[in-house]
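Visitor: Next up is a structure, given as structure tokens.
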Amino acid sequence: MREGGPADTAGPDGRSGVDREFLALERELTVFLRRARASSGEMARQVHPELEPAAYGLLVRLEEAGEQRATELAGYFGVGKATMSRQLRALEDLGLVARTPDPADGRASLVRLTREGVVRFRHVRDARRERYRSKLAGWDRGEVAELARLLHQLNAGAED
């Protein structure tokens, strides 16, 4: 006899209930991520017309975590040092980030948002949060908190 409950029984398509749940999850995440990428590009352009969509995430990370070494940022995003260096150089050229010598290691530098970077980023972030509030106006605050908790759990699991 097979272990599991009703969710494990095969449906008319021959797939188990667990498979259907994971297929539904995959479908919804695919739509969500596609929209998030498009939104990230739009937000990047709002920060600065020449900002690459991928660089918006760097601004988010620097705003929430504070100044960091480029190697820490590369590790966080799972990209190589060369990719991170190129993205940071572009942000520096736009005046959104600056590097300062790392007091713990003079050979390294710390990357931080400039005043202009903070102002531009926060303006876009605040507008985005207002859109979230508007789109989720019909949701109970507990549902919003639960969604945030579940997404955090998913993201934390992806870091392991």
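Convention: chains lettered A, B, ... in structure tokens order; per-chain residue numbering from 1; ligands numbered from 1 as shown.
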Show which residues sit within 8 Å of range 112-120 of chain A, as a ChimeraX atom specification. Count only C-alpha atoms, and ignore same-chain residues fewer than 5 positions away.

Guide: /A:47-48,59,62-63,66-68,95-99

Visitor: Considering only C-alpha atoms, return as a list in words whatever protein or nucleic-acid residues lie within 10 Å of range 32-40 of chain A, sequence-local ones (same chain, fewer than 6 positions apart) excluded.

Guide: Glu26, Gln46, Glu52, Pro53, Ala54, Ala55, Tyr56, Gly57 and Arg128 of chain A

Visitor: Going by DSSP on the backbone, which residues of chain A come out as alpha helix (DSSP H)? List them as a VMD selection string.

Guide: chain A and resid 17 to 47 53 to 65 70 to 77 81 to 93 115 to 135 141 to 159

Visitor: For range 9-69 of chain A versus range 74-80 of chain A, which residues have an atom no more than 10 Å away, and what is each residue's nearest atom pair and distance in Å rounded to one decimal, using only C-alpha atoms, chain-then-number order, as CSV?

Guide:
residue,atom,partner,partner_atom,distance
A:Gly57,CA,A:Phe77,CA,8.8
A:Leu58,CA,A:Phe77,CA,8.6
A:Arg61,CA,A:Tyr76,CA,9.0
A:Arg69,CA,A:Ala74,CA,8.8

Visitor: Could you write out the selected residues, including C-alpha atoms, as a CSV table (one decimal), in the first residue's frame?

Guide:
chain,number,residue,atom,x,y,z
A,57,GLY,CA,18.2,45.0,-7.0
A,58,LEU,CA,21.7,46.3,-6.0
A,61,ARG,CA,20.2,45.6,-1.2
A,69,ARG,CA,32.1,45.1,-0.2

Visitor: For the strand (DSSP E) assignment from backbone DSSP, which residues of chain A qualify? Please present them as a CSV table (one decimal) with N, CA and C atoms, in the first residue's frame.

Guide:
chain,number,residue,atom,x,y,z
A,68,GLN,N,28.6,47.8,1.7
A,68,GLN,CA,29.1,46.4,1.7
A,68,GLN,C,30.3,46.4,0.7
A,69,ARG,N,31.1,45.3,0.8
A,69,ARG,CA,32.1,45.1,-0.2
A,69,ARG,C,31.4,44.5,-1.5
A,97,VAL,N,26.0,55.3,-6.7
A,97,VAL,CA,26.7,54.7,-5.6
A,97,VAL,C,28.1,55.3,-5.6
A,98,ALA,N,28.8,55.1,-4.5
A,98,ALA,CA,30.2,55.5,-4.3
A,98,ALA,C,31.0,54.5,-3.6
A,99,ARG,N,32.2,54.4,-3.8
A,99,ARG,CA,33.1,53.5,-3.1
A,99,ARG,C,34.0,54.3,-2.1
A,100,THR,N,34.2,53.7,-1.0
A,100,THR,CA,35.1,54.3,0.0
A,100,THR,C,36.1,53.2,0.5
A,101,PRO,N,37.3,53.5,0.9
A,101,PRO,CA,38.2,52.5,1.4
A,101,PRO,C,37.6,51.8,2.6
A,102,ASP,N,37.8,50.5,2.6
A,102,ASP,CA,37.3,49.7,3.8
A,102,ASP,C,38.3,49.8,4.9
A,105,ASP,N,40.3,46.8,5.7
A,105,ASP,CA,41.2,46.2,4.7
A,105,ASP,C,41.4,47.3,3.7
A,106,GLY,N,42.5,48.0,3.7
A,106,GLY,CA,42.8,49.1,2.8
A,106,GLY,C,42.8,48.7,1.3
A,107,ARG,N,43.0,47.4,1.0
A,107,ARG,CA,43.0,47.0,-0.4
A,107,ARG,C,41.6,46.9,-0.9
A,108,ALA,N,40.6,46.8,-0.1
A,108,ALA,CA,39.2,46.6,-0.5
A,108,ALA,C,38.4,48.0,-0.3
A,109,SER,N,37.3,48.0,-0.9
A,109,SER,CA,36.4,49.2,-0.8
A,109,SER,C,35.0,48.8,-0.4
A,110,LEU,N,34.3,49.7,0.2
A,110,LEU,CA,32.9,49.5,0.6
A,110,LEU,C,32.1,50.4,-0.4
A,111,VAL,N,31.0,49.8,-0.8
A,111,VAL,CA,30.1,50.4,-1.8
A,111,VAL,C,28.8,50.9,-1.0
A,112,ARG,N,28.4,52.1,-1.2
A,112,ARG,CA,27.3,52.7,-0.6
A,112,ARG,C,26.5,53.5,-1.5
A,113,LEU,N,25.2,53.7,-1.2
A,113,LEU,CA,24.4,54.6,-2.0
A,113,LEU,C,24.9,56.1,-1.8

Visitor: Choose the residue, out of A:Val124, A:Val31, A:Ala137, A:Leu150, that has the smallest atom-to-atom separation from Val60 in chain A; count only C-alpha atoms.

Guide: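 For Val60 in chain A, the nearest of the given residues is A:Val124.
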
Visitor: Which one is closest to Ala82 in chain A: A:Ala70, A:Ala44, A:Ala145, A:Leu94? Count only C-alpha atoms.

Guide: A:Ala70

Visitor: Could you work out how far CA of Arg131 in chain A lies from CA of Met43 in chain A, giving the answer in Å with one decimal?

Guide: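 Going from CA of Met43 in chain A over to CA of Arg131 in chain A, I get 12.1 Å.
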